[in-house]
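Engineer: Pasting input_39.csv here (CSV, C-alpha atoms and all ligand atoms):
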chain,number,residue,atom,x,y,z
A,1,MET,CA,8.9,-68.2,-12.4
A,2,LYS,CA,7.8,-70.9,-14.6
A,3,ALA,CA,4.3,-72.4,-14.6
A,4,THR,CA,4.1,-75.6,-12.5
A,5,THR,CA,0.8,-77.2,-13.7
A,6,LYS,CA,-1.7,-76.9,-16.5
A,7,THR,CA,-3.6,-73.5,-16.4
A,8,THR,CA,-7.3,-73.8,-16.5
A,9,VAL,CA,-8.5,-70.2,-16.7
A,10,ALA,CA,-11.8,-70.2,-18.4
A,11,TYR,CA,-12.3,-66.7,-19.5
A,12,HIS,CA,-11.3,-63.1,-18.8
A,13,LYS,CA,-13.7,-60.3,-18.6
A,14,THR,CA,-10.8,-58.2,-17.4
A,15,ASP,CA,-7.2,-59.0,-17.7
A,16,THR,CA,-5.3,-57.4,-14.8
A,17,ALA,CA,-1.6,-57.5,-15.6
A,18,ILE,CA,0.5,-58.6,-12.6
A,19,PRO,CA,4.0,-60.1,-12.6
A,20,ASN,CA,4.2,-63.9,-12.7
A,21,LYS,CA,0.5,-64.2,-13.3
A,22,ALA,CA,0.7,-67.6,-15.0
A,23,PHE,CA,2.4,-68.9,-11.8
A,24,LEU,CA,-0.4,-67.5,-9.6
A,25,LEU,CA,-3.1,-68.9,-11.8
A,26,ASP,CA,-1.6,-72.3,-12.0
A,27,MET,CA,-1.1,-72.4,-8.3
A,28,LEU,CA,-4.7,-71.4,-7.6
A,29,ALA,CA,-6.0,-73.9,-10.0
A,30,THR,CA,-4.3,-76.7,-8.0
A,31,PRO,CA,-5.8,-77.9,-4.7
A,32,ARG,CA,-2.9,-78.1,-2.2
A,33,ARG,CA,-4.2,-79.9,0.9
A,34,TYR,CA,-1.5,-80.8,3.4
A,35,ASN,CA,0.0,-84.3,2.8
A,36,SER,CA,-1.6,-84.6,-0.6
A,37,ALA,CA,0.1,-85.6,-3.8
A,38,THR,CA,-0.8,-82.4,-5.5
A,39,LEU,CA,0.8,-80.3,-2.7
A,40,ASP,CA,3.9,-82.5,-2.6
A,41,LYS,CA,4.3,-82.0,-6.3
A,42,PHE,CA,3.7,-78.3,-6.0
A,43,ASN,CA,6.3,-77.9,-3.2
A,44,ALA,CA,8.9,-79.8,-5.2
A,45,CYS,CA,8.3,-77.6,-8.2
A,46,LEU,CA,8.5,-74.5,-5.9
A,47,ILE,CA,11.9,-75.6,-4.4
A,48,ALA,CA,13.3,-76.2,-7.9
A,49,ASP,CA,12.1,-72.8,-9.1
A,50,LEU,CA,13.4,-71.0,-6.0
A,51,MET,CA,16.9,-72.6,-6.5
A,52,ARG,CA,17.2,-70.9,-9.8
A,53,TYR,CA,17.5,-67.4,-8.2
A,54,GLY,CA,20.9,-68.3,-6.7
A,55,TYR,CA,20.1,-67.7,-3.0
A,56,PRO,CA,20.5,-70.4,-0.3
A,57,VAL,CA,17.4,-72.6,-0.2
A,58,GLU,CA,16.8,-74.9,2.7
A,59,TYR,CA,13.9,-77.3,2.9
A,60,ASP,CA,12.8,-80.1,5.1
A,61,GLY,CA,9.5,-81.6,6.4
A,62,LEU,CA,8.6,-78.2,8.0
A,63,GLY,CA,8.8,-75.9,4.9
A,64,ILE,CA,11.1,-74.1,2.6
A,65,ARG,CA,13.5,-71.3,3.6
A,66,VAL,CA,15.3,-68.8,1.4
A,67,SER,CA,17.7,-66.2,2.7
A,68,ILE,CA,18.7,-63.0,0.9
A,69,PRO,CA,21.4,-60.9,2.8
A,70,LEU,CA,21.4,-57.1,3.1
A,71,ALA,CA,23.3,-55.0,0.7
A,72,ASN,CA,26.2,-54.8,3.2
A,73,GLY,CA,26.4,-58.6,3.3
A,74,LEU,CA,24.9,-58.9,6.9
A,75,PRO,CA,21.9,-61.1,7.4
A,76,SER,CA,18.5,-59.4,7.5
A,77,GLU,CA,16.6,-59.4,10.7
A,78,THR,CA,13.3,-59.7,8.9
A,79,LEU,CA,11.4,-62.9,8.3
A,80,PHE,CA,8.6,-63.2,5.8
A,81,SER,CA,6.1,-66.0,6.1
A,82,CYS,CA,3.4,-67.7,4.1
A,83,HIS,CA,2.0,-71.3,3.8
A,84,THR,CA,1.9,-73.5,0.8
A,85,ASP,CA,-1.1,-75.7,1.8
A,86,THR,CA,-4.8,-74.9,1.4
A,87,VAL,CA,-8.0,-75.9,3.2
A,88,HIS,CA,-9.1,-78.1,0.3
A,89,GLY,CA,-10.6,-81.5,1.1
A,90,THR,CA,-9.1,-84.7,-0.2
A,91,GLY,CA,-9.0,-85.4,-4.0
A,92,GLY,CA,-7.0,-83.8,-6.7
A,93,LYS,CA,-9.5,-82.1,-8.8
A,94,HIS,CA,-8.2,-78.9,-10.4
A,95,SER,CA,-10.3,-75.7,-10.4
A,96,THR,CA,-11.4,-73.6,-13.3
A,97,LEU,CA,-10.8,-70.0,-12.5
A,98,VAL,CA,-12.6,-66.9,-13.6
A,99,GLU,CA,-11.5,-63.3,-13.5
A,100,TYR,CA,-14.1,-60.6,-13.3
A,101,ASN,CA,-13.7,-57.0,-12.3
A,102,ASN,CA,-10.0,-57.6,-11.5
A,103,THR,CA,-11.0,-60.3,-9.0
A,104,LEU,CA,-10.3,-64.1,-9.3
A,105,SER,CA,-12.6,-66.8,-8.1
A,106,VAL,CA,-13.4,-70.4,-8.9
A,107,LYS,CA,-16.0,-70.8,-11.6
A,108,GLY,CA,-19.3,-71.9,-10.1
A,109,GLY,CA,-18.0,-71.4,-6.6
A,110,GLY,CA,-15.2,-73.2,-4.7
A,111,ILE,CA,-12.2,-72.7,-2.5
A,112,LEU,CA,-9.7,-70.6,-4.5
A,113,GLY,CA,-6.7,-71.3,-2.2
A,114,ALA,CA,-5.6,-67.6,-2.4
A,115,ASP,CA,-5.3,-68.4,1.3
A,116,ASP,CA,-2.4,-68.6,1.1
A,117,GLY,CA,-1.4,-68.9,-2.6
A,118,ALA,CA,-1.4,-65.1,-2.7
A,119,GLY,CA,1.2,-65.0,0.0
A,120,VAL,CA,3.3,-67.6,-1.8
A,121,TRP,CA,3.1,-65.5,-5.0
A,122,LEU,CA,4.1,-62.3,-3.2
A,123,MET,CA,7.1,-63.9,-1.6
A,124,VAL,CA,8.3,-65.6,-4.8
A,125,CYS,CA,8.1,-62.2,-6.5
A,126,MET,CA,10.1,-60.5,-3.7
A,127,ILE,CA,12.8,-63.2,-4.0
A,128,GLU,CA,12.9,-62.7,-7.7
A,129,ARG,CA,13.5,-59.0,-7.1
A,130,GLY,CA,16.3,-59.8,-4.6
A,131,ILE,CA,14.6,-58.0,-1.6
A,132,PRO,CA,16.7,-58.8,1.5
A,133,GLY,CA,15.0,-61.0,4.1
A,134,THR,CA,14.5,-64.7,5.1
A,135,TYR,CA,11.5,-66.2,3.4
A,136,VAL,CA,9.7,-69.1,5.1
A,137,PHE,CA,7.2,-71.1,3.1
A,138,ASN,CA,5.5,-73.1,5.9
A,139,TYR,CA,3.9,-76.5,5.5
A,140,GLY,CA,0.6,-77.4,7.1
A,141,GLU,CA,-0.7,-74.1,8.4
A,142,GLU,CA,-4.3,-75.2,7.8
A,143,CYS,CA,-3.6,-78.3,9.9
A,144,GLY,CA,-2.6,-76.3,13.0
A,145,GLY,CA,0.7,-74.8,12.0
A,146,VAL,CA,2.7,-78.0,11.5
A,147,GLY,CA,5.7,-76.4,9.9
A,148,SER,CA,5.8,-73.2,11.9
A,149,SER,CA,5.3,-74.9,15.3
A,150,GLY,CA,7.9,-77.5,14.3
A,151,LEU,CA,10.4,-74.7,13.4
A,152,ALA,CA,9.9,-73.1,16.9
A,153,HIS,CA,10.4,-76.4,18.6
A,154,GLN,CA,13.4,-77.6,16.6
A,155,HIS,CA,15.2,-74.4,15.7
A,156,PRO,CA,14.4,-71.8,18.4
A,157,LYS,CA,17.8,-70.2,18.2
A,158,TYR,CA,17.4,-69.7,14.5
A,159,LEU,CA,14.1,-67.9,14.9
A,160,ALA,CA,15.5,-65.8,17.8
A,161,ASN,CA,17.8,-64.1,15.3
A,162,PHE,CA,14.9,-62.1,13.8
A,163,LYS,CA,13.4,-58.9,15.1
A,164,ARG,CA,10.2,-59.2,13.0
A,165,ALA,CA,8.2,-61.9,11.3
A,166,VAL,CA,5.7,-60.7,8.7
A,167,ALA,CA,3.1,-63.1,7.5
A,168,PHE,CA,1.2,-62.4,4.3
A,169,ASP,CA,-1.9,-64.4,5.2
A,170,ARG,CA,-4.6,-61.9,6.3
A,171,GLY,CA,-7.8,-61.3,4.3
A,172,GLY,CA,-8.8,-57.9,3.0
A,173,CYS,CA,-6.6,-55.0,1.9
A,174,SER,CA,-5.7,-52.9,5.0
A,175,SER,CA,-4.8,-54.9,8.0
A,176,VAL,CA,-1.5,-54.9,10.0
A,177,ILE,CA,-2.3,-57.4,12.7
A,178,THR,CA,-1.3,-56.7,16.4
A,179,HIS,CA,-3.2,-59.6,18.0
A,180,GLN,CA,-4.0,-63.2,16.9
A,181,GLY,CA,-6.8,-65.0,18.7
A,182,GLY,CA,-7.0,-62.0,21.2
A,183,ARG,CA,-3.3,-62.4,22.2
A,184,ARG,CA,-0.8,-59.6,21.3
A,185,CYS,CA,1.8,-60.6,18.7
A,186,ALA,CA,3.1,-57.2,17.6
A,187,SER,CA,3.5,-53.8,19.3
A,188,ASP,CA,1.3,-50.9,18.3
A,189,ALA,CA,4.4,-48.9,17.5
A,190,PHE,CA,5.6,-51.5,15.1
A,191,ALA,CA,2.1,-51.9,13.5
A,192,GLU,CA,1.6,-48.2,13.1
A,193,ALA,CA,5.1,-47.7,11.6
A,194,LEU,CA,4.5,-50.6,9.1
A,195,ALA,CA,1.0,-49.3,8.3
A,196,ASP,CA,2.5,-45.8,7.7
A,197,VAL,CA,5.1,-46.9,5.3
A,198,LEU,CA,2.6,-49.1,3.4
A,199,ASN,CA,0.3,-46.2,3.1
A,200,VAL,CA,3.1,-43.9,1.8
A,201,ALA,CA,4.2,-46.6,-0.7
A,202,THR,CA,0.6,-47.2,-2.0
A,203,GLY,CA,-0.3,-43.5,-2.1
A,204,ASP,CA,-3.0,-44.0,0.6
A,205,ALA,CA,-5.0,-46.2,-1.8
A,206,TYR,CA,-5.8,-48.8,0.9
A,207,LEU,CA,-5.6,-47.0,4.3
A,208,PHE,CA,-3.6,-49.6,6.2
A,209,CYS,CA,-4.0,-49.6,10.0
A,210,PRO,CA,-3.2,-51.7,13.0
A,211,ASP,CA,-5.8,-54.4,13.5
A,212,ASP,CA,-6.3,-56.3,16.7
A,213,THR,CA,-8.8,-58.8,15.4
A,214,GLY,CA,-6.4,-61.3,13.8
A,215,VAL,CA,-7.0,-65.0,13.8
A,216,TYR,CA,-4.3,-67.7,13.8
A,217,THR,CA,-1.5,-67.9,11.3
A,218,ASP,CA,2.0,-69.2,11.4
A,219,THR,CA,3.6,-66.2,13.0
A,220,ALA,CA,1.6,-66.8,16.2
A,221,GLU,CA,3.9,-69.8,16.8
A,222,TRP,CA,7.0,-67.6,17.1
A,223,THR,CA,5.8,-64.8,19.4
A,224,HIS,CA,8.0,-66.1,22.3
A,225,LEU,CA,11.1,-65.9,20.1
A,226,ILE,CA,10.6,-63.0,17.8
A,227,PRO,CA,9.5,-59.5,19.2
A,228,GLU,CA,7.3,-58.3,16.4
A,229,CYS,CA,5.1,-61.0,14.8
A,230,THR,CA,2.4,-59.6,12.4
A,231,ASN,CA,0.2,-60.6,9.6
A,232,VAL,CA,-0.5,-58.3,6.6
A,233,SER,CA,-3.6,-58.3,4.3
A,234,ILE,CA,-2.9,-60.2,1.1
A,235,GLY,CA,-6.1,-59.4,-0.8
A,236,TYR,CA,-8.3,-62.5,-0.4
A,237,GLU,CA,-11.8,-62.4,0.9
A,238,SER,CA,-14.1,-65.2,2.3
A,239,GLN,CA,-11.3,-67.7,2.6
A,240,HIS,CA,-12.3,-71.2,3.6
A,241,THR,CA,-15.6,-70.8,1.8
A,242,GLN,CA,-17.1,-71.5,-1.7
A,243,ASN,CA,-17.0,-67.7,-2.3
A,244,GLU,CA,-13.3,-67.1,-1.8
A,245,SER,CA,-11.9,-64.4,-4.1
A,246,LEU,CA,-8.7,-62.5,-4.7
A,247,TYR,CA,-8.4,-58.8,-5.7
A,248,LEU,CA,-5.5,-58.6,-8.2
A,249,PRO,CA,-4.6,-54.9,-8.3
A,250,TYR,CA,-4.0,-55.0,-4.6
A,251,LEU,CA,-1.4,-57.8,-5.1
A,252,ASP,CA,0.5,-55.7,-7.6
A,253,ASP,CA,0.4,-52.6,-5.3
A,254,LEU,CA,1.5,-54.6,-2.2
A,255,LEU,CA,4.4,-56.2,-4.1
A,256,GLU,CA,5.7,-52.7,-5.2
A,257,ALA,CA,5.3,-51.5,-1.6
A,258,CYS,CA,7.0,-54.5,-0.1
A,259,CYS,CA,9.9,-54.0,-2.5
A,260,SER,CA,10.4,-50.4,-1.5
A,261,ILE,CA,10.1,-50.5,2.3
A,262,ASP,CA,13.2,-50.4,4.5
A,263,TRP,CA,12.1,-53.4,6.7
A,264,GLU,CA,15.2,-53.3,8.9
A,265,SER,CA,14.4,-49.7,10.1
A,266,LEU,CA,10.9,-50.6,11.6
A,267,PRO,CA,10.8,-50.2,15.4
A,268,THR,CA,11.0,-53.1,17.7
A,269,GLU,CA,9.2,-52.7,21.0
A,270,ARG,CA,7.5,-55.9,22.1
A,271,ASN,CA,9.4,-58.1,24.5
A,272,PRO,CA,9.0,-61.7,23.4
A,273,SER,CA,9.9,-63.1,26.8
A,274,VAL,CA,6.8,-61.5,28.4
A,275,LYS,CA,3.9,-63.9,28.2
A,276,GLU,CA,0.9,-61.9,26.9
A,277,THR,CA,-2.5,-62.8,28.3
A,278,SER,CA,-5.4,-63.0,26.0
A,279,ARG,CA,-8.4,-60.8,26.4
A,280,TRP,CA,-10.4,-64.0,25.8
A,281,ASP,CA,-8.7,-66.0,28.6
A,282,ASP,CA,-11.5,-65.0,31.0
A,283,TRP,CA,-14.2,-65.1,28.5
A,284,ASP,CA,-17.3,-67.1,29.4
A,285,PHE,CA,-18.9,-68.1,26.1
A,286,GLY,CA,-21.5,-70.0,28.1
A,287,ALA,CA,-22.8,-66.6,29.5
A,288,LEU,CA,-23.6,-65.4,26.0
A,289,PRO,CA,-27.2,-65.7,24.8
A,290,ALA,CA,-27.4,-68.1,21.8
A,291,SER,CA,-28.3,-65.4,19.4
A,292,THR,CA,-25.2,-63.4,20.3
A,293,TYR,CA,-23.0,-66.4,19.7
A,294,LYS,CA,-24.7,-67.1,16.4
A,295,SER,CA,-24.1,-63.6,15.1
A,296,TYR,CA,-20.5,-63.7,16.3
A,297,ILE,CA,-19.9,-66.9,14.3
A,298,SER,CA,-21.7,-65.4,11.3
A,299,LYS,CA,-19.3,-62.5,11.0
A,300,ASP,CA,-16.9,-64.5,9.0
A,301,THR,CA,-19.5,-66.5,7.1
A,302,PRO,CA,-20.9,-64.8,4.1
A,303,GLN,CA,-24.6,-64.6,3.9
A,304,GLY,CA,-26.8,-64.7,0.8
A,305,GLU,CA,-25.7,-68.1,-0.5
A,306,MET,CA,-26.9,-69.9,2.5
A,307,ASP,CA,-29.8,-71.9,1.1
A,308,CYS,CA,-28.9,-75.3,-0.2
A,309,THR,CA,-30.8,-78.5,-0.8
A,310,LEU,CA,-29.7,-82.1,-1.3
A,311,ALA,CA,-30.2,-81.6,-5.1
A,312,ASP,CA,-27.2,-79.2,-5.0
A,313,PHE,CA,-24.9,-82.0,-4.2
A,314,HIS,CA,-25.8,-84.3,-7.1
A,315,GLY,CA,-22.6,-85.0,-9.1
A,316,MET,CA,-20.2,-83.8,-6.4
A,317,ASP,CA,-17.5,-86.1,-5.2
A,318,TRP,CA,-16.6,-86.5,-1.6
A,319,ALA,CA,-13.9,-83.8,-1.7
A,320,GLU,CA,-16.3,-81.3,-3.2
A,321,ILE,CA,-19.0,-82.1,-0.6
A,322,TYR,CA,-16.4,-81.7,2.2
A,323,GLU,CA,-15.3,-78.3,0.8
A,324,TYR,CA,-18.9,-77.1,0.7
A,325,VAL,CA,-19.6,-78.3,4.3
A,326,TYR,CA,-16.5,-76.8,5.6
A,327,GLY,CA,-17.1,-73.4,3.9
A,328,ASN,CA,-20.9,-73.3,4.6
A,329,PRO,CA,-21.6,-74.8,8.0
A,330,GLU,CA,-24.7,-72.6,8.5
A,331,ALA,CA,-26.2,-73.7,5.2
A,332,ILE,CA,-25.7,-77.3,6.0
A,333,ALA,CA,-27.3,-76.8,9.5
A,334,SER,CA,-30.3,-75.1,7.9
A,335,MET,CA,-30.7,-77.8,5.4
A,336,ILE,CA,-30.7,-80.5,8.0
A,337,GLU,CA,-33.1,-78.5,10.1
A,338,GLU,CA,-35.5,-78.4,7.2
A,339,LEU,CA,-35.0,-82.1,6.5
A,340,VAL,CA,-35.9,-83.2,10.0
A,341,LYS,CA,-38.9,-80.9,10.4
B,1,ZN,ZN,-3.9,-68.9,5.6
Output the structure of this file as structure tokens.
Ligand SMILES: [Zn+2]
Structural biologist:
Amino acid sequence: MKATTKTTVAYHKTDTAIPNKAFLLDMLATPRRYNSATLDKFNACLIADLMRYGYPVEYDGLGIRVSIPLANGLPSETLFSCHTDTVHGTGGKHSTLVEYNNTLSVKGGGILGADDGAGVWLMVCMIERGIPGTYVFNYGEECGGVGSSGLAHQHPKYLANFKRAVAFDRGGCSSVITHQGGRRCASDAFAEALADVLNVATGDAYLFCPDDTGVYTDTAEWTHLIPECTNVSIGYESQHTQNESLYLPYLDDLLEACCSIDWESLPTERNPSVKETSRWDDWDFGALPASTYKSYISKDTPQGEMDCTLADFHGMDWAEIYEYVYGNPEAIASMIEELVK
């Protein structure tokens, strides 16, 4: 995989070796907001690069799809999924990355875009290794699943060919998602079997297990067509915030595991034609005391960097301010509270 843009890595206190690292660093240094010039350029470079591997590459306004058949020539029934866009605000400013203790982040704080650049990296590496499967690089996940929902509406029969859809777009290093937004997307039998093979392949280094606390990603759009729709941890933390980071050794281990698993032999139990109810369908948020709601919201919002003042925004452009507000809503609320006292 060749580099697509200028790398702006500032320094290395560690230097974790992973395959195609220059590609990963270049991608993470590039903001990839949906419908931006930088993302359009990135997607075009990605298509050109993927074509060099010799497998069929399809692309349209929904995303990029690459198919690698099984060794016996039959099509794989496994779909792998990631998204090329990030949650960056408008503007095309490239980030300076730092690597410390095997972990990447943006120098001085910022959205890294490992959500979901890490998933893009993994799928490109798997394609390079010729691992059978259909690889879908979705467009516009951060804008409500533009590509994945479009695929479900425009090509339902195509999606119904698959028994499992595996997104690589979950934070942390141990989740195999069974529910997204409280609604079941994969059976426990499937998630346990996938967690088991991941644990064997990684020597129990991460203790993968089924996780029913998933939030939205592209595979949620396909649950009425594909029986098992999951999302597997891809090693980022604090996505959508100024503190987003990516643990590199996990990426390397997950790549090796994903290249050794017999995906086709995983069990299929969930019936996609049965509409699953959400455990939150009857949930009355109004009944919660405000303090409970606040602590629920805070779960995904890192604390400790919450204090900010207007002076912190001097020199930032609109996009940088937008990113900060998006990633740190509590800090902004606290600052305004202070200002109006
Ligand atoms: Zn994502």
Engineer: Please measure the separation of atom CA of A:Asn161 and atom CA of A:Lys275, giving the value in Å to one decimal.
Structural biologist: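 Taking atom CA of A:Asn161 as the start and atom CA of A:Lys275 as the end point, the length is 19.0 Å.
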Engineer: Would you mind telling me which residue in A:Thr213, A:Ser260, A:Ser149, A:Gln242 lies nearest to A:Val197 when using all atoms listed in the file?
Structural biologist: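 Of A:Thr213, A:Ser260, A:Ser149, A:Gln242, the one nearest A:Val197, counting all atoms listed in the file, is A:Ser260.
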Engineer: Please, which residues in stretch 216-281 of chain A fall within 12 Å of stretch 119-131 of chain A when counting all atoms listed in the file, and what is the closest atom pair and distance in Å to one decimal for each, ordered by chain then residue number, as a tab-separated table?
Structural biologist:
residue	atom	partner	partner_atom	distance
A:Thr217	CA	A:Gly119	CA	12.0
A:Asn231	CA	A:Gly119	CA	10.6
A:Val232	CA	A:Gly119	CA	9.6
A:Ser233	CA	A:Gly119	CA	9.3
A:Ile234	CA	A:Gly119	CA	6.4
A:Gly235	CA	A:Gly119	CA	9.2
A:Tyr236	CA	A:Gly119	CA	9.8
A:Leu246	CA	A:Gly119	CA	11.2
A:Leu248	CA	A:Leu122	CA	11.4
A:Tyr250	CA	A:Leu122	CA	11.0
A:Leu251	CA	A:Leu122	CA	7.4
A:Asp252	CA	A:Leu122	CA	8.7
A:Asp253	CA	A:Leu122	CA	10.6
A:Leu254	CA	A:Leu122	CA	8.2
A:Leu255	CA	A:Leu122	CA	6.2
A:Glu256	CA	A:Met126	CA	9.1
A:Ala257	CA	A:Met126	CA	10.4
A:Cys258	CA	A:Met126	CA	7.7
A:Cys259	CA	A:Ile131	CA	6.2
A:Ser260	CA	A:Ile131	CA	8.7
A:Ile261	CA	A:Ile131	CA	9.6
A:Asp262	CA	A:Ile131	CA	9.8
A:Trp263	CA	A:Ile131	CA	9.8
A:Glu264	CA	A:Ile131	CA	11.5
Engineer: Under the rule that only C-alpha atoms and all ligand atoms are counted, which of A:Thr16, A:Gln239, A:Gln180, A:Asn199 is the nearest residue to ligand ZN 1 (chain B)?
Structural biologist: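 Selected residue with least distance to ligand ZN 1 (chain B): A:Gln239.
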Engineer: May I ask for the distance between atom CA of A:Cys185 and atom CA of A:Cys82, given in Å to one decimal place?
Structural biologist: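 Atom-to-atom, atom CA of A:Cys185 and atom CA of A:Cys82 are spaced 16.3 Å apart.
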Engineer: Check the smallest atom-to-atom distance from each of A:Met335, A:Ala189, A:Ala118, A:Leu151 to ligand ZN 1 (chain B) using all atoms listed in the file, then report the winner.
Structural biologist: A:Ala118
Engineer: Find the distance between atom CA of A:Leu24 and atom CA of A:Gly117 and write it in Å to one decimal.
Structural biologist: 7.2 Å
Engineer: Using all atoms listed in the file, can you list as a list in words the residues within 10 Å of (18.4, -65.3, 2.2)?
Structural biologist: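 Final list of nearby residues, as requested, is Gly54, Tyr55, Pro56, Val57, Glu58, Arg65, Val66, Ser67, Ile68, Pro69, Leu70, Pro75, Ser76, Leu79, Ile127, Gly130, Ile131, Pro132, Gly133, Thr134, Tyr135 and Val136 of chain A.
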Engineer: How close does chain A get to ligand ZN 1 (chain B)? List, as a tab-separated table, each residue of chain A within 8 Å, its nearest atom pair and the distance in Å to one decimal, counting all atoms listed in the file.
Structural biologist:
residue	atom	partner	partner_atom	distance
A:Cys82	CA	B:ZN1	ZN	7.5
A:His83	CA	B:ZN1	ZN	6.6
A:Thr86	CA	B:ZN1	ZN	7.4
A:Asp115	CA	B:ZN1	ZN	4.5
A:Asp116	CA	B:ZN1	ZN	4.8
A:Glu141	CA	B:ZN1	ZN	6.7
A:Glu142	CA	B:ZN1	ZN	6.7
A:Asp169	CA	B:ZN1	ZN	4.9
A:Arg170	CA	B:ZN1	ZN	7.1
A:Thr217	CA	B:ZN1	ZN	6.3
Engineer: Find, counting only C-alpha atoms, the residue in A:Gly110, A:Val215, A:Leu266, A:Ala167 that gets nearest to A:Asn328.
Structural biologist: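 Selected residue with least distance to A:Asn328: A:Gly110.
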Engineer: Please determine, counting all atoms listed in the file, which residue among A:Thr84, A:Thr30, A:Thr268, A:Asn43 has the shortest atom-to-atom distance to A:Ala193.
Structural biologist: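 For A:Ala193, the nearest of the candidates is A:Thr268.
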Engineer: Point out the residue among A:Ala160, A:Leu339, A:Cys229, A:Ile111 with the least atom-to-atom distance to A:Gly89, counting all atoms listed in the file.
Structural biologist: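 That would be A:Ile111, the residue with the smallest distance to A:Gly89.
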Engineer: Near A:Val146, counting all atoms listed in the file, which residues have an atom at most 12 Å away, once you skip same-chain residues fewer than 4 positions from it, shown as a short mmCIF file (atom, residue, chain, number, x, y, z; two decimals) with C-alpha atoms, in the frame of the given file?
Structural biologist:
data_model
loop_
_atom_site.label_atom_id
_atom_site.label_comp_id
_atom_site.auth_asym_id
_atom_site.auth_seq_id
_atom_site.Cartn_x
_atom_site.Cartn_y
_atom_site.Cartn_z
CA TYR A 34 -1.50 -80.80 3.40
CA ASN A 35 0.00 -84.30 2.80
CA GLY A 61 9.50 -81.60 6.40
CA LEU A 62 8.60 -78.20 8.00
CA GLY A 63 8.80 -75.90 4.90
CA HIS A 83 2.00 -71.30 3.80
CA THR A 84 1.90 -73.50 0.80
CA ASP A 85 -1.10 -75.70 1.80
CA PHE A 137 7.20 -71.10 3.10
CA ASN A 138 5.50 -73.10 5.90
CA TYR A 139 3.90 -76.50 5.50
CA GLY A 140 0.60 -77.40 7.10
CA GLU A 141 -0.70 -74.10 8.40
CA GLU A 142 -4.30 -75.20 7.80
CA GLY A 150 7.90 -77.50 14.30
CA LEU A 151 10.40 -74.70 13.40
CA ALA A 152 9.90 -73.10 16.90
CA HIS A 153 10.40 -76.40 18.60
CA GLN A 154 13.40 -77.60 16.60
CA THR A 217 -1.50 -67.90 11.30
CA ASP A 218 2.00 -69.20 11.40
CA THR A 219 3.60 -66.20 13.00
CA GLU A 221 3.90 -69.80 16.80
#
Engineer: Copy stretch 162-173 of chain A out of the block into a file, keeping N, CA and C atoms, as a PDB file, in the first residue's frame.
Structural biologist:
ATOM      1  N   PHE A 162     -25.067 -12.893   2.132  1.00  0.00           N
ATOM      2  CA  PHE A 162     -24.070 -13.094   3.199  1.00  0.00           C
ATOM      3  C   PHE A 162     -24.709 -13.667   4.463  1.00  0.00           C
ATOM      4  N   LYS A 163     -23.926 -14.477   5.170  1.00  0.00           N
ATOM      5  CA  LYS A 163     -24.385 -15.028   6.453  1.00  0.00           C
ATOM      6  C   LYS A 163     -23.912 -14.180   7.624  1.00  0.00           C
ATOM      7  N   ARG A 164     -22.834 -13.434   7.409  1.00  0.00           N
ATOM      8  CA  ARG A 164     -22.281 -12.639   8.517  1.00  0.00           C
ATOM      9  C   ARG A 164     -21.665 -11.349   7.983  1.00  0.00           C
ATOM     10  N   ALA A 165     -21.863 -10.278   8.737  1.00  0.00           N
ATOM     11  CA  ALA A 165     -21.238  -8.985   8.421  1.00  0.00           C
ATOM     12  C   ALA A 165     -20.454  -8.551   9.652  1.00  0.00           C
ATOM     13  N   VAL A 166     -19.160  -8.358   9.461  1.00  0.00           N
ATOM     14  CA  VAL A 166     -18.265  -8.057  10.581  1.00  0.00           C
ATOM     15  C   VAL A 166     -17.683  -6.666  10.387  1.00  0.00           C
ATOM     16  N   ALA A 167     -18.149  -5.710  11.198  1.00  0.00           N
ATOM     17  CA  ALA A 167     -17.564  -4.366  11.155  1.00  0.00           C
ATOM     18  C   ALA A 167     -16.337  -4.330  12.049  1.00  0.00           C
ATOM     19  N   PHE A 168     -15.352  -3.553  11.659  1.00  0.00           N
ATOM     20  CA  PHE A 168     -14.194  -3.278  12.522  1.00  0.00           C
ATOM     21  C   PHE A 168     -14.282  -1.800  12.881  1.00  0.00           C
ATOM     22  N   ASP A 169     -15.137  -1.502  13.843  1.00  0.00           N
ATOM     23  CA  ASP A 169     -15.438  -0.101  14.165  1.00  0.00           C
ATOM     24  C   ASP A 169     -15.908   0.029  15.610  1.00  0.00           C
ATOM     25  N   ARG A 170     -15.343  -0.777  16.498  1.00  0.00           N
ATOM     26  CA  ARG A 170     -15.707  -0.712  17.913  1.00  0.00           C
ATOM     27  C   ARG A 170     -14.466  -0.315  18.707  1.00  0.00           C
ATOM     28  N   GLY A 171     -14.639   0.547  19.693  1.00  0.00           N
ATOM     29  CA  GLY A 171     -13.519   0.932  20.542  1.00  0.00           C
ATOM     30  C   GLY A 171     -13.029  -0.227  21.386  1.00  0.00           C
ATOM     31  N   GLY A 172     -11.881  -0.026  22.007  1.00  0.00           N
ATOM     32  CA  GLY A 172     -11.329  -1.022  22.917  1.00  0.00           C
ATOM     33  C   GLY A 172     -10.667  -2.179  22.205  1.00  0.00           C
ATOM     34  N   CYS A 173     -10.366  -3.219  22.965  1.00  0.00           N
ATOM     35  CA  CYS A 173      -9.593  -4.350  22.449  1.00  0.00           C
ATOM     36  C   CYS A 173     -10.215  -5.685  22.825  1.00  0.00           C
TER      37      CYS A 173
END
